[in-house]
Amino acid sequence: MARVRVEGVRKTFGKVIALRDISLTVEDGEFYVLLGPSGCGKTTLLRCIAGLERVDRGRIFIGEREVTGLPPRHRNIAMVFQSYAVFPHMKVYDNIAFGLRMRRIPEMEARRRVARVAAMLQIEDLLDRYPAQLSGGQRQRVAVARALVMQPDVLLMDEPLSNLDALLRLHARAELKRLHQETGMTIIYVTHDQVEAMSLGDRIAVMREGEIVQVDTPMRIYEAPATVFVGSFIGNPPMNFLHGVVEEGKDGWFFALEGHRLPLPPLREVSPGQSLLLGIRAENIRVDERPHAEALPAEVMVVEPLGAQWLITARIGEQFIKLTLPPGRPVAPGQTLWLSFPIEAVRWMDARSGQAIRELAPAASGSGKAGDSRG
Amino acid sequence: MKGRAWIGSALWYMGAIALALWVLAPIYLIGLLAFSPRMAVYRWPRPLLPLEFSLETMRFFVSATGTLAATRNSVVVALLTMMLSLALGAPAGYALARFLFPGREAVRMGILMTRMFPMAILSIPLAVTFIRIGLYDTPWAVALVHTAMALPFVILITASVFVSIPRDLEEAAMTLGCSPLSAFLRISLPLALPGLAAAALFTFVISWNEVFAAAILTLRQRTLPALVITVLNESPLYFRFAGGFFMVAPALVILLIIRRFLFNLWGITSR
Ligand SMILES: Nc1ncnc2c1ncn2[C@@H]1O[C@H](COP(=O)(O)OP(=O)(O)OP(=O)(O)O)[C@@H](O)[C@H]1O
Ligand SMILES: [Mg+2]
């Protein structure tokens with residue numbers, strides 16, 4: 001087990017720049033998730049770390065060792081492929097033992113190690129079968145076992161759950177989490193599924209177009225997205241972004257939103273006339289049936305009962321907003337709700353750059369922890 | 001609706017039966033007469049059922065002058081062809097399947113274009129060349145020409161075989177400690193084996209059946225088809241049937257028996 005350091009790695013395919021000078025550090029024993037939309041370069045980054053792809057520039061370290069120029073077999077990594085890549089002409093046992101044999105580990109010890117990972121993944125009964133005789137879920141376990149048995153410095157996984165059906169995926173996700181807790185292994189995990197990322201990752205690196213946009217714990221990513229992109233990529237429903245302008249009033253600046261005025265906290269690098277986005281998660285919006293100071297009227301457009309909560313789409317002026325309500329509260333399309341946005345749950349973004357704007361006051365340090373409600 | 005569907009499938013089956021007869025009837029007749037007494041060929045009406053089994057005809061053919069030597073030549077040529085075309089064709093197929101290199105499409109087209117020149121045109125200059133370099137009238141000469149004929153098929157077959165083996169498998173082997181070469185040897189090669197064997201048998205049959213080049217490029221070192229075709233006019237009818245059977249047999253064996261084994265490995269039944 002080891003930490004992994006990537007420094008300024010660039011990778012191009014012809015004219016396509018798949019990775020634009022990526023740098024990251026994965027701590028020893030960390031479950032590190034690479035998350036991003038299709039084509040953002042997650043797989044390419046993973047393959048560069050594995051040594052299956054040669055980088056154009058930059059350096060890669062595993063532990064204290066630089067591995068940039070080394071072939072995969074000298075990096076002491078193991079990888080689980082999206083397709084599993086289980087060898088079809090070998091029985092499950094030989095698949096798992098393959099890497100040990102390549103390392104010339106004595107057959108006795110190999111047998112012990114195979115037995116141990118097979119037990120860990122509950123595939124002891126399958127060791128005598130060919131992969132063609134396995135289900136998708138079983139094949140995935142074999143692929144994981146084949147990687148784990150190597151006791152690699154770092155385990156790389158490329159969307160290992162994406163070929164499983166929904167129910168199995170839920171189960172396998174919990175299994176993976178348990179496996180990580182049991183082994184304490186350093187894992188770099190690629191996915192485009194934000195729920196998977198949130199539930200598995202110690203930290204998540206959100207990628208977009210060959211760049212890492214934000215690296216943080218799942219909760220920080222969820223509550224304090226660094227850009228509009230992250231806010232709208234993570235969470236279901238995505239974060240709401242309401243468009244407005246900074247205006248100067250007689251008692252300071254305020255945020256003008258569809259003809260309403262909202263107080264503005266002291267923000268860095270903001271000036272009157274600037275376009276801002278007010279970012280807020282659906283569940284953080286305060287909803288009242290009656291008007292009160294600071295509340296904005298919103299007309300209910302769509303009500304979607306989703307079981308545990310109801311998802312409401314409403315309209316403030318020309319802009320749409322999604323909010324959630326506990327089931328049973330009487331709402332119907334056409335009704336007016338009064339919405340207010342607790343100031344500590346609001347994430348301000350610059351409309352032009354899409355970047356978050358930091359607050360001036362030191363209050364920001366407390367805003368990471370959710371749950372403290374005000375008023 | 002039902003009536004029409006019935007007619008449709010009846011037509012389909014009739015077509016299939018007609019096609020099968022088209023192929024099987026001559027083979028049956030050849031086999032029948034090859035294992036009948038010599039004189040059965042001249043009898044009228046011709047016997048259509050295997051009533052009098054006899055090895056006489058085959059024995060006559062096998063013991064005729066030159067048959068055994070020609071058979072040996074044929075086997076040698078076919079084996080040489082098999083090895084040469086696999087040794088040259090499989091790597092080419094692998095390259096076409098795995099690597100994007102400049103001129104890949106041109107190579108692919110070029111391979112097919114070699115089939116455009118009829119053997120009749122090529123044989124004479126080839127014979128002259130072989131005489132000059134001292135290869136004329138040797139199994140090597142025939143094997144080289146047969147290799148040239150078989151290569152396009154071998155390359156296309158092996159390319160499609162290697163395309164069907166996911167690249168992930170080799171890459172997985174590399175992360176598990178293999179060099180690129182050992183990943184190929186341990187993963188892709190065994191997986192390609194059925195396909196490569198099929199290609200090998202195919203070249204064997206191509207070479208075994210080829211007449212024209214073999215007849216022109218040899219004088220004393222005749223292959224079996226070359227021998228049969230040159231003595232055809234002077235030989236009795238039953239000799240021709242026996243020779244025909246002798247030449248069809250390997251292809252039949254390959255098709256009927258080996259194919260089944262090839263496509264049922266590792267619990268995967270394909271086709
Ligand atoms: N071998 C290749 N040749 C050319 N372009 C490539 C190659 N591999 C990847 N790319 C390009 O690099 C970019 C990043 O691809 P990559 O496979 O890393 O995306 P990804 O984030 O893994 O996407 P997905 O979620 O769909 O798997 C894409 O634009 C892709 O088209
Ligand atoms: Mg990918």
# chains A, B, ... in the order shown; residues from 1 in each chain; ligands from 1
call {"tool": "interface_residues", "arguments": {"of": "chain A", "to": "chain B", "cutoff": "8 Å", "atoms": "only C-alpha atoms", "output": "MDAnalysis selection string"}}
result
chainID A and resid 50 52 72:74 77:79 81 83 85:90 98:99 102:103 130 132:133 147 150
call {"tool": "residues_around", "arguments": {"residues": "Gly89 in chain B", "least_positions_apart": "2", "cutoff": "7 Å", "atoms": "only C-alpha atoms", "output": "PyMOL selection string"}}
result
chain B and resi 85-87+91-93+151+154-155
call {"tool": "residues_around", "arguments": {"residues": "Ser232 in chain A", "least_positions_apart": "6", "cutoff": "10 Å", "atoms": "only C-alpha atoms", "output": "ChimeraX atom specification"}}
result
/A:222,225,238-241,279,281
call {"tool": "residues_near_ligand", "arguments": {"ligand": "ligand 1", "cutoff": "6 Å", "atoms": "only C-alpha atoms and all ligand atoms", "output": "number ranges by chain"}}
result
A: 13, 18, 37-44, 192
call {"tool": "residues_around", "arguments": {"residues": "Ile157 in chain B", "least_positions_apart": "4", "cutoff": "12 Å", "atoms": "only C-alpha atoms", "output": "PyMOL selection string"}}
result
chain B and resi 85-86+89-94+96-97+150-153+161-164+192-203
call {"tool": "residues_around", "arguments": {"residues": "range 111-114 of chain B", "least_positions_apart": "2", "cutoff": "10 Å", "atoms": "only C-alpha atoms", "output": "PyMOL selection string"}}
result
chain B and resi 105-109+116-118+148-149+151-153+155-156
call {"tool": "atom_distance", "arguments": {"atom1": "CA of Val142 in chain B", "atom2": "CA of Met119 in chain B"}}
result
12.1 Å
call {"tool": "residues_around", "arguments": {"residues": "Met198 in chain A", "least_positions_apart": "5", "cutoff": "9 Å", "atoms": "only C-alpha atoms", "output": "short mmCIF file (atom, residue, chain, number, x, y, z; two decimals) with N, CA and C atoms, in the first residue's frame"}}
result
data_model
loop_
_atom_site.label_atom_id
_atom_site.label_comp_id
_atom_site.auth_asym_id
_atom_site.auth_seq_id
_atom_site.Cartn_x
_atom_site.Cartn_y
_atom_site.Cartn_z
N VAL A 33 -12.00 8.68 -5.56
CA VAL A 33 -12.90 8.48 -6.69
C VAL A 33 -12.67 9.55 -7.75
N ASP A 193 -21.00 7.77 -12.05
CA ASP A 193 -22.22 7.72 -11.25
C ASP A 193 -21.97 8.45 -9.94
N ARG A 203 -12.45 10.67 -0.70
CA ARG A 203 -12.44 11.95 -1.40
C ARG A 203 -12.86 11.73 -2.84
N ILE A 204 -13.42 12.77 -3.43
CA ILE A 204 -13.83 12.69 -4.82
C ILE A 204 -13.09 13.77 -5.60
N THR A 217 -13.99 16.01 0.16
CA THR A 217 -14.79 14.91 0.69
C THR A 217 -16.16 14.96 0.03
N PRO A 218 -16.86 13.84 0.02
CA PRO A 218 -18.18 13.84 -0.63
C PRO A 218 -19.09 14.94 -0.10
N MET A 219 -19.13 15.12 1.23
CA MET A 219 -20.04 16.11 1.77
C MET A 219 -19.65 17.53 1.37
N ILE A 221 -18.06 18.35 -1.35
CA ILE A 221 -18.40 18.47 -2.77
C ILE A 221 -19.88 18.76 -2.93
N TYR A 222 -20.67 18.09 -2.09
CA TYR A 222 -22.11 18.24 -2.20
C TYR A 222 -22.55 19.62 -1.72
N ILE A 234 -23.48 17.02 -9.40
CA ILE A 234 -23.64 16.20 -8.20
C ILE A 234 -24.97 16.50 -7.53
#
call {"tool": "closest_residue", "arguments": {"among": "B:Ser123, B:Ser207, B:Thr158, B:Asn73", "to": "Leu189 in chain B", "atoms": "only C-alpha atoms"}}
result
B:Thr158
call {"tool": "atom_distance", "arguments": {"atom1": "CA of Ile62 in chain A", "atom2": "CA of Pro106 in chain A"}}
result
26.2 Å
call {"tool": "closest_residue", "arguments": {"among": "A:Asp158, A:Asp350, A:Glu27, A:Glu258", "to": "ligand 2", "atoms": "only C-alpha atoms and all ligand atoms"}}
result
A:Asp158
call {"tool": "residues_around", "arguments": {"residues": "Arg72 in chain B", "least_positions_apart": "2", "cutoff": "12 Å", "atoms": "only C-alpha atoms", "output": "number ranges by chain"}}
result
B: 62, 66-70, 74-79, 139, 208, 221-225, 227
call {"tool": "write_last_selection", "arguments": {"atoms": "N, CA and C atoms", "output": "PDB file, in the first residue's frame"}}
result
ATOM      1  N   VAL B  62      -4.095 -46.896 -55.289  1.00  0.00           N
ATOM      2  CA  VAL B  62      -2.973 -46.659 -54.377  1.00  0.00           C
ATOM      3  C   VAL B  62      -1.701 -47.324 -54.889  1.00  0.00           C
ATOM      4  N   GLY B  66       3.522 -44.092 -58.959  1.00  0.00           N
ATOM      5  CA  GLY B  66       3.566 -42.658 -58.677  1.00  0.00           C
ATOM      6  C   GLY B  66       2.551 -42.184 -57.655  1.00  0.00           C
ATOM      7  N   THR B  67       1.528 -42.949 -57.371  1.00  0.00           N
ATOM      8  CA  THR B  67       0.495 -42.457 -56.450  1.00  0.00           C
ATOM      9  C   THR B  67       1.068 -42.165 -55.067  1.00  0.00           C
ATOM     10  N   LEU B  68       1.813 -43.138 -54.536  1.00  0.00           N
ATOM     11  CA  LEU B  68       2.319 -42.948 -53.179  1.00  0.00           C
ATOM     12  C   LEU B  68       3.289 -41.775 -53.108  1.00  0.00           C
ATOM     13  N   ALA B  69       4.193 -41.705 -54.095  1.00  0.00           N
ATOM     14  CA  ALA B  69       5.154 -40.600 -54.109  1.00  0.00           C
ATOM     15  C   ALA B  69       4.430 -39.270 -54.227  1.00  0.00           C
ATOM     16  N   ALA B  70       3.409 -39.249 -55.084  1.00  0.00           N
ATOM     17  CA  ALA B  70       2.667 -38.003 -55.270  1.00  0.00           C
ATOM     18  C   ALA B  70       1.921 -37.626 -54.001  1.00  0.00           C
ATOM     19  N   SER B  74       2.308 -34.284 -51.971  1.00  0.00           N
ATOM     20  CA  SER B  74       1.157 -33.438 -51.637  1.00  0.00           C
ATOM     21  C   SER B  74       1.149 -33.092 -50.158  1.00  0.00           C
ATOM     22  N   VAL B  75       1.393 -34.111 -49.331  1.00  0.00           N
ATOM     23  CA  VAL B  75       1.390 -33.867 -47.885  1.00  0.00           C
ATOM     24  C   VAL B  75       2.507 -32.889 -47.526  1.00  0.00           C
ATOM     25  N   VAL B  76       3.695 -33.136 -48.090  1.00  0.00           N
ATOM     26  CA  VAL B  76       4.820 -32.242 -47.783  1.00  0.00           C
ATOM     27  C   VAL B  76       4.492 -30.815 -48.204  1.00  0.00           C
ATOM     28  N   VAL B  77       3.990 -30.676 -49.424  1.00  0.00           N
ATOM     29  CA  VAL B  77       3.662 -29.333 -49.921  1.00  0.00           C
ATOM     30  C   VAL B  77       2.599 -28.681 -49.051  1.00  0.00           C
ATOM     31  N   ALA B  78       1.567 -29.446 -48.706  1.00  0.00           N
ATOM     32  CA  ALA B  78       0.484 -28.863 -47.921  1.00  0.00           C
ATOM     33  C   ALA B  78       0.977 -28.446 -46.539  1.00  0.00           C
ATOM     34  N   LEU B  79       1.843 -29.283 -45.921  1.00  0.00           N
ATOM     35  CA  LEU B  79       2.359 -28.922 -44.600  1.00  0.00           C
ATOM     36  C   LEU B  79       3.249 -27.686 -44.686  1.00  0.00           C
ATOM     37  N   PRO B 139       9.110 -29.578 -53.979  1.00  0.00           N
ATOM     38  CA  PRO B 139       7.935 -29.227 -53.167  1.00  0.00           C
ATOM     39  C   PRO B 139       7.965 -27.763 -52.718  1.00  0.00           C
ATOM     40  N   TRP B 208      -3.840 -28.837 -50.942  1.00  0.00           N
ATOM     41  CA  TRP B 208      -4.115 -30.227 -51.305  1.00  0.00           C
ATOM     42  C   TRP B 208      -4.882 -30.309 -52.630  1.00  0.00           C
ATOM     43  N   GLN B 221       8.381 -34.440 -59.472  1.00  0.00           N
ATOM     44  CA  GLN B 221       7.879 -34.334 -58.103  1.00  0.00           C
ATOM     45  C   GLN B 221       6.409 -33.927 -58.100  1.00  0.00           C
ATOM     46  N   ARG B 222       5.583 -34.669 -58.836  1.00  0.00           N
ATOM     47  CA  ARG B 222       4.168 -34.332 -58.942  1.00  0.00           C
ATOM     48  C   ARG B 222       3.472 -34.375 -57.584  1.00  0.00           C
ATOM     49  N   THR B 223       2.541 -33.440 -57.357  1.00  0.00           N
ATOM     50  CA  THR B 223       1.619 -33.623 -56.239  1.00  0.00           C
ATOM     51  C   THR B 223       0.470 -34.468 -56.755  1.00  0.00           C
ATOM     52  N   LEU B 224      -0.375 -34.893 -55.839  1.00  0.00           N
ATOM     53  CA  LEU B 224      -1.438 -35.814 -56.220  1.00  0.00           C
ATOM     54  C   LEU B 224      -2.367 -35.226 -57.296  1.00  0.00           C
ATOM     55  N   PRO B 225      -2.886 -34.013 -57.115  1.00  0.00           N
ATOM     56  CA  PRO B 225      -3.776 -33.484 -58.166  1.00  0.00           C
ATOM     57  C   PRO B 225      -3.043 -33.352 -59.499  1.00  0.00           C
ATOM     58  N   LEU B 227      -0.596 -35.139 -60.566  1.00  0.00           N
ATOM     59  CA  LEU B 227      -0.448 -36.478 -61.138  1.00  0.00           C
ATOM     60  C   LEU B 227      -1.762 -36.949 -61.764  1.00  0.00           C
TER      61      LEU B 227
END
call {"tool": "closest_residue", "arguments": {"among": "A:Ala295, A:Leu46, A:Met349, A:Met120", "to": "Val245 in chain A", "atoms": "only C-alpha atoms"}}
result
A:Met349
call {"tool": "closest_residue", "arguments": {"among": "B:Leu232, B:Ala159, B:Ala64, B:Ala242", "to": "Phe35 in chain B", "atoms": "only C-alpha atoms"}}
result
B:Ala242
call {"tool": "select_by_dssp", "arguments": {"residues": "range 40-216 of chain B", "states": "helix (DSSP H, G or I)", "output": "short mmCIF file (atom, residue, chain, number, x, y, z; two decimals) with C-alpha atoms, in the first residue's frame"}}
result
data_model
loop_
_atom_site.label_atom_id
_atom_site.label_comp_id
_atom_site.auth_asym_id
_atom_site.auth_seq_id
_atom_site.Cartn_x
_atom_site.Cartn_y
_atom_site.Cartn_z
CA ALA B 40 -19.12 -51.55 -61.34
CA VAL B 41 -18.38 -48.27 -63.13
CA TYR B 42 -19.20 -49.78 -66.49
CA GLU B 56 -10.29 -53.36 -55.09
CA THR B 57 -10.61 -49.99 -56.83
CA MET B 58 -8.85 -48.11 -54.07
CA ARG B 59 -6.11 -50.71 -53.91
CA PHE B 60 -5.59 -50.38 -57.63
CA PHE B 61 -5.31 -46.60 -57.34
CA VAL B 62 -2.97 -46.66 -54.38
CA SER B 63 -0.67 -49.19 -55.95
CA THR B 67 0.49 -42.46 -56.45
CA LEU B 68 2.32 -42.95 -53.18
CA ALA B 69 5.15 -40.60 -54.11
CA ALA B 70 2.67 -38.00 -55.27
CA THR B 71 0.68 -38.36 -52.07
CA ARG B 72 3.85 -37.85 -50.09
CA ASN B 73 4.65 -34.77 -52.15
CA SER B 74 1.16 -33.44 -51.64
CA VAL B 75 1.39 -33.87 -47.88
CA VAL B 76 4.82 -32.24 -47.78
CA VAL B 77 3.66 -29.33 -49.92
CA ALA B 78 0.48 -28.86 -47.92
CA LEU B 79 2.36 -28.92 -44.60
CA LEU B 80 4.97 -26.49 -45.91
CA THR B 81 2.19 -24.24 -47.18
CA MET B 82 0.44 -24.41 -43.84
CA MET B 83 3.53 -23.46 -41.89
CA LEU B 84 4.68 -20.75 -44.26
CA SER B 85 1.31 -19.07 -44.60
CA LEU B 86 0.67 -19.18 -40.87
CA ALA B 87 4.13 -17.89 -40.03
CA LEU B 88 3.68 -15.00 -42.47
CA GLY B 89 -0.06 -14.50 -42.28
CA ALA B 90 -0.80 -14.65 -38.55
CA PRO B 91 1.52 -11.77 -37.60
CA ALA B 92 0.12 -9.72 -40.47
CA GLY B 93 -3.39 -10.48 -39.29
CA TYR B 94 -2.44 -9.52 -35.75
CA ALA B 95 -0.98 -6.23 -36.93
CA LEU B 96 -4.07 -5.43 -38.96
CA ALA B 97 -6.27 -6.26 -35.99
CA ARG B 98 -4.36 -4.48 -33.23
CA ARG B 104 -3.38 0.15 -42.99
CA GLU B 105 -6.23 0.32 -45.46
CA ALA B 106 -3.85 0.18 -48.40
CA VAL B 107 -2.31 -2.99 -46.97
CA ARG B 108 -5.75 -4.48 -46.54
CA MET B 109 -6.64 -3.70 -50.14
CA GLY B 110 -3.28 -4.89 -51.40
CA ILE B 111 -3.83 -8.22 -49.73
CA LEU B 112 -7.10 -8.68 -51.54
CA MET B 113 -5.65 -7.50 -54.84
CA THR B 114 -3.15 -10.34 -54.95
CA ARG B 115 -6.16 -12.50 -55.74
CA MET B 116 -6.76 -10.54 -58.95
CA MET B 119 -2.56 -18.37 -61.68
CA ALA B 120 -2.55 -19.07 -65.42
CA ILE B 121 -0.78 -15.77 -66.08
CA LEU B 122 1.62 -16.06 -63.16
CA SER B 123 2.67 -19.67 -63.69
CA ILE B 124 4.94 -19.25 -66.69
CA PRO B 125 7.10 -16.43 -65.30
CA LEU B 126 7.14 -18.26 -61.98
CA ALA B 127 8.31 -21.45 -63.67
CA VAL B 128 11.08 -19.52 -65.42
CA THR B 129 12.14 -17.87 -62.17
CA PHE B 130 12.11 -21.14 -60.27
CA ILE B 131 14.20 -22.83 -62.98
CA ARG B 132 16.72 -20.00 -62.74
CA ILE B 133 17.09 -20.20 -58.96
CA PRO B 139 7.94 -29.23 -53.17
CA TRP B 140 9.28 -25.82 -52.06
CA ALA B 141 8.35 -24.22 -55.36
CA VAL B 142 4.77 -25.45 -55.16
CA ALA B 143 4.53 -24.60 -51.47
CA LEU B 144 5.70 -21.04 -52.10
CA VAL B 145 3.07 -20.51 -54.78
CA HIS B 146 0.39 -22.11 -52.63
CA THR B 147 1.43 -19.87 -49.76
CA ALA B 148 0.99 -16.85 -51.98
CA MET B 149 -2.46 -18.10 -52.89
CA ALA B 150 -3.49 -18.86 -49.32
CA LEU B 151 -2.01 -15.78 -47.63
CA PRO B 152 -4.91 -13.40 -48.27
CA PHE B 153 -7.32 -15.85 -46.67
CA VAL B 154 -5.01 -16.56 -43.77
CA ILE B 155 -4.46 -12.88 -43.11
CA LEU B 156 -8.12 -12.02 -43.25
CA ILE B 157 -9.14 -14.99 -41.11
CA THR B 158 -6.48 -14.37 -38.47
CA ALA B 159 -7.20 -10.63 -38.45
CA SER B 160 -10.84 -11.33 -37.70
CA VAL B 161 -9.81 -13.85 -35.06
CA PHE B 162 -7.58 -11.33 -33.29
CA VAL B 163 -10.16 -8.57 -33.62
CA ARG B 167 -7.55 -5.99 -26.13
CA ASP B 168 -8.48 -5.64 -22.46
CA LEU B 169 -7.43 -9.23 -21.93
CA GLU B 170 -3.84 -8.58 -22.95
CA GLU B 171 -3.78 -5.36 -20.97
CA ALA B 172 -5.11 -7.13 -17.90
CA ALA B 173 -2.34 -9.71 -18.30
CA MET B 174 0.19 -6.88 -18.49
CA THR B 175 -1.04 -5.38 -15.22
CA PRO B 180 3.62 -7.58 -24.09
CA LEU B 181 5.09 -10.73 -25.63
CA SER B 182 4.14 -13.04 -22.79
CA ALA B 183 0.66 -11.47 -22.65
CA PHE B 184 0.31 -12.40 -26.30
CA LEU B 185 1.65 -15.90 -25.80
CA ARG B 186 -0.40 -16.66 -22.72
CA ILE B 187 -3.66 -14.93 -23.55
CA SER B 188 -4.22 -14.01 -27.17
CA LEU B 189 -2.49 -16.98 -28.75
CA PRO B 190 -4.41 -19.68 -26.86
CA LEU B 191 -7.65 -17.81 -27.48
CA ALA B 192 -6.80 -17.51 -31.17
CA LEU B 193 -5.81 -21.14 -31.45
CA PRO B 194 -9.13 -22.49 -32.75
CA GLY B 195 -9.23 -19.75 -35.37
CA LEU B 196 -5.59 -20.26 -36.29
CA ALA B 197 -6.16 -24.00 -36.56
CA ALA B 198 -9.12 -23.36 -38.82
CA ALA B 199 -6.97 -21.12 -41.00
CA ALA B 200 -4.24 -23.78 -41.05
CA LEU B 201 -6.63 -26.51 -42.11
CA PHE B 202 -8.07 -24.22 -44.71
CA THR B 203 -4.65 -23.65 -46.26
CA PHE B 204 -4.03 -27.38 -46.10
CA VAL B 205 -7.15 -27.97 -48.16
CA ILE B 206 -6.34 -25.16 -50.60
CA SER B 207 -2.91 -26.62 -51.20
CA TRP B 208 -4.11 -30.23 -51.31
CA ASN B 209 -6.65 -29.41 -54.03
CA PHE B 212 -2.74 -25.69 -61.98
CA ALA B 213 0.40 -24.32 -60.38
CA ALA B 214 1.36 -27.78 -59.16
CA ALA B 215 1.09 -29.22 -62.66
CA ILE B 216 3.20 -26.47 -64.24
#
call {"tool": "closest_residue", "arguments": {"among": "A:Leu179, A:Val302, A:Val190, A:Ala356", "to": "ligand 2", "atoms": "only C-alpha atoms and all ligand atoms"}}
result
A:Val190
